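In what follows, a single structure is set out as structure tokens and then discussed.
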Amino acid sequence: MPTNSRTLAVAIAFVALVLLPLIGSDFFIDFVMTRTLMLGLAASTIVFLSAYGGMDSLAQWLIFGVAGFAIGNLVAESGRGLKFGWEPWLAAPIALAVATFLALILGTLSARSTGIYFLMLTLTYAVIGFYFFGQVTTFSGFGGMTGIDPPDFFSGEPKRLYYAALVLSGLAYVAFRLIARTPFGMALQGVRDDPVRMESLGFNVQLHRTLAFTLAGFVAGIAGVLNIWWNGQIDPTSIGINPTLDLFIIAVIGGIVHLEGAWLGAFVFLGANIYLRDIPGLGSIGGVIHDRILAEERFNTVVGLILLIIMLTSPDGLAGMIARVRDRLRGKKPDDDDHLIDIGYQPTSHTPLG
């Protein structure tokens, strides 16, 4: 799909999302779309790192959670944590600074790793984060923190938080797209394609990877702040292995090489989780499908099947599938490299295309 038509499609989708609260129910806006935007914002950092930098990270949910824990410790006046009792607006930039600094540290430690080693190293960070907040009761403990109030501007006004998530998602999308076309972004893509050659040309490969990881951490921290304002509570389980993998699955479902796929994957994931068990007629089939196959504890199996079907039919996710359908409707023969060029990917002789 050409960049112009892609930009137009994204702009139309954004306008539709702006108007959605006028026709959507309160439940749909608050529990589906607001969460979709927050999770999509977090998942977009995975897509950014993978598509532009060749780094498949499982640490984004940890950074997302650290921002939430920072808000909880700074804002809460009772219960667990440091209980500083600060104003939420004052705590937000401090939480973002903490999340960004953590991303800088983790990015520096991971910059020399690539491929499966980078993936496993970031997974290790996620595990360490889970046990740190679980065992260090000064900051949380396994019981977590509750009663974390958002700013008064958002209190009792879920549509305001929806619009905040929408605006921040739009800004992050535009920023990532623009960064890909800056000298830094082009150099980062060169590091992704051939780090040895880039290093021989005088580029600091580790520095580019570290800066990209730090930028992604900042955006993940924004999503974490929005989430704690929406949810009002956080505990170590919410940043454990399962939600960490869920975020990565969201990115893969939407399309790991399509930036807008992050929000599309989040919508499909949440929609399946909320609505799949309420399909009319399932309860009349002896209750087997509803009570067993679609039971809460087995929902990961359903998500796995959805992911398997998508990967078999469209390795570049739902966004790639939509792009190919649009090309066929327009009578254009799909180009194998179109989806890569859309995000600034420039194939080289050293990069096999699949």
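The chains in the structure tokens are called A, B, ... from first to last as shown; in each chain the residues are counted from 1, and the ligands are counted from 1 in the order shown.
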If DSSP is run on the backbone, what residues of region 131-163 of chain A are helix (DSSP H, G or I)? A reply as a PDB file with C-alpha atoms, in the first residue's frame would be ideal.
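The result, stored in out-v8.pdb:
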```pdb
ATOM      1  CA  TYR A 131      10.085 -10.540  41.654  1.00  0.00           C
ATOM      2  CA  PHE A 132      11.527  -7.149  42.607  1.00  0.00           C
ATOM      3  CA  PHE A 133       8.134  -5.528  43.110  1.00  0.00           C
ATOM      4  CA  GLY A 134       6.763  -8.702  44.660  1.00  0.00           C
ATOM      5  CA  GLN A 135       9.483  -9.143  47.260  1.00  0.00           C
ATOM      6  CA  PRO A 158     -13.774   8.285  31.241  1.00  0.00           C
ATOM      7  CA  LYS A 159     -14.197   9.961  27.843  1.00  0.00           C
ATOM      8  CA  ARG A 160     -11.539  12.501  28.734  1.00  0.00           C
ATOM      9  CA  LEU A 161      -9.066   9.703  29.410  1.00  0.00           C
ATOM     10  CA  TYR A 162     -10.111   8.107  26.113  1.00  0.00           C
ATOM     11  CA  TYR A 163      -9.325  11.303  24.226  1.00  0.00           C
TER      12      TYR A 163
END
```
Quiz prompt | Spatial neighbours of Ile63 (chain A), 6 Å, only C-alpha atoms, chain gap at least 3 places, as a PyMOL selection string | solution = chain A and resi 60+66+99
Resulting file, chosen residues, all heavy atoms, as a PDB file, in the first residue's frame:
```
ATOM      1  N   GLN A  60       9.187  -4.202  27.329  1.00  0.00           N
ATOM      2  CA  GLN A  60       8.348  -3.003  27.240  1.00  0.00           C
ATOM      3  C   GLN A  60       7.251  -2.996  28.292  1.00  0.00           C
ATOM      4  O   GLN A  60       6.886  -1.952  28.819  1.00  0.00           O
ATOM      5  CB  GLN A  60       7.751  -2.892  25.840  1.00  0.00           C
ATOM      6  CG  GLN A  60       8.784  -2.852  24.723  1.00  0.00           C
ATOM      7  CD  GLN A  60       9.909  -1.899  25.002  1.00  0.00           C
ATOM      8  OE1 GLN A  60      11.036  -2.314  25.232  1.00  0.00           O
ATOM      9  NE2 GLN A  60       9.611  -0.620  25.006  1.00  0.00           N
ATOM     10  N   VAL A  66       6.586  -0.185  35.490  1.00  0.00           N
ATOM     11  CA  VAL A  66       7.392   0.643  36.389  1.00  0.00           C
ATOM     12  C   VAL A  66       6.824   2.049  36.480  1.00  0.00           C
ATOM     13  O   VAL A  66       6.789   2.650  37.565  1.00  0.00           O
ATOM     14  CB  VAL A  66       8.857   0.666  35.908  1.00  0.00           C
ATOM     15  CG1 VAL A  66       9.634   1.795  36.599  1.00  0.00           C
ATOM     16  CG2 VAL A  66       9.520  -0.669  36.202  1.00  0.00           C
ATOM     17  N   ALA A  99      10.784   5.737  34.355  1.00  0.00           N
ATOM     18  CA  ALA A  99      10.634   4.717  33.321  1.00  0.00           C
ATOM     19  C   ALA A  99      11.658   4.914  32.208  1.00  0.00           C
ATOM     20  O   ALA A  99      12.254   3.947  31.710  1.00  0.00           O
ATOM     21  CB  ALA A  99       9.215   4.759  32.745  1.00  0.00           C
TER      22      ALA A  99
END
```
Exercise. Just the residues within 12 Å of Phe176 (chain A), please, counting only C-alpha atoms, with nothing from its chain fewer than 2 positions along; format it as an MDAnalysis selection string.
Key: chainID A and resid 41 44:49 51:53 169:174 178:182 184:185 212 215:216 219 258:260 343:344
Exercise. Would you mind listing what lies within 7 Å of Ala76 (chain A) as an MDAnalysis selection string, with only C-alpha atoms counted and same-chain residues fewer than 6 positions away left out?
Key: chainID A and resid 83:85 148
Only C-alpha atoms, please: the residues just picked out, written as an mmCIF file, in the first residue's frame.
```
data_model
loop_
_atom_site.group_PDB
_atom_site.id
_atom_site.type_symbol
_atom_site.label_atom_id
_atom_site.label_comp_id
_atom_site.auth_asym_id
_atom_site.auth_seq_id
_atom_site.Cartn_x
_atom_site.Cartn_y
_atom_site.Cartn_z
ATOM 1 C CA LYS A 83 2.843 6.832 50.302
ATOM 2 C CA PHE A 84 4.172 10.265 49.411
ATOM 3 C CA GLY A 85 0.701 11.623 48.653
ATOM 4 C CA ILE A 148 -4.515 5.329 43.155
#
```
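Between CA of Tyr125 (chain A) and CA of Trp86 (chain A) lies a distance of 28.5 Å.
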Find the nearest atom pair between each residue of region 27-95 of chain A and region 224-233 of chain A for residues within 7 Å, count only C-alpha atoms, give distances in Å to one decimal, sort rows by chain and ascending number, and present the table as JSON lines.
```
{"residue": "A:Met38", "atom": "CA", "partner": "A:Asn227", "partner_atom": "CA", "distance": 6.6}
{"residue": "A:Phe64", "atom": "CA", "partner": "A:Gly224", "partner_atom": "CA", "distance": 4.3}
{"residue": "A:Gly65", "atom": "CA", "partner": "A:Gly224", "partner_atom": "CA", "distance": 5.8}
{"residue": "A:Ala67", "atom": "CA", "partner": "A:Gly224", "partner_atom": "CA", "distance": 5.3}
{"residue": "A:Gly68", "atom": "CA", "partner": "A:Gly224", "partner_atom": "CA", "distance": 5.3}
{"residue": "A:Ala92", "atom": "CA", "partner": "A:Val225", "partner_atom": "CA", "distance": 6.7}
```
Exercise. For each of A:Val75, A:Ile309, A:Ala70, A:Ala43, take the minimum atom-to-atom distance to Ile249 (chain A), counting only C-alpha atoms, then give the residue where this is smallest.
Key: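 With only C-alpha atoms as the atom set, the closest residue is A:Ala43.
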Self-check item: d(CA of Leu211 (chain A), CA of Gly40 (chain A)) in Å
Solution: 21.3 Å
Practice problem: Find the residues near Ile274 (chain A): any atom within 10 Å, counting only C-alpha atoms, skip ones fewer than 5 places away on the same chain, and give them as a PyMOL selection string. | Solution: chain A and resi 31-32+268-269
Those selected residues, please, written with N, CA, C and O atoms and delivered as a short mmCIF file (atom, residue, chain, number, x, y, z; two decimals), in the first residue's frame.
```cif
data_model
loop_
_atom_site.label_atom_id
_atom_site.label_comp_id
_atom_site.auth_asym_id
_atom_site.auth_seq_id
_atom_site.Cartn_x
_atom_site.Cartn_y
_atom_site.Cartn_z
N PHE A 31 -14.02 0.46 28.50
CA PHE A 31 -13.39 -0.84 28.74
C PHE A 31 -12.79 -1.49 27.50
O PHE A 31 -11.99 -2.41 27.62
N VAL A 32 -13.18 -1.02 26.33
CA VAL A 32 -12.61 -1.60 25.11
C VAL A 32 -11.68 -0.61 24.42
O VAL A 32 -10.48 -0.89 24.25
N VAL A 268 -8.26 -6.33 18.47
CA VAL A 268 -8.66 -7.71 18.24
C VAL A 268 -8.47 -8.53 19.51
O VAL A 268 -9.35 -9.33 19.90
N PHE A 269 -7.36 -8.35 20.19
CA PHE A 269 -7.07 -9.11 21.41
C PHE A 269 -8.10 -8.81 22.49
O PHE A 269 -8.66 -9.73 23.11
#
```
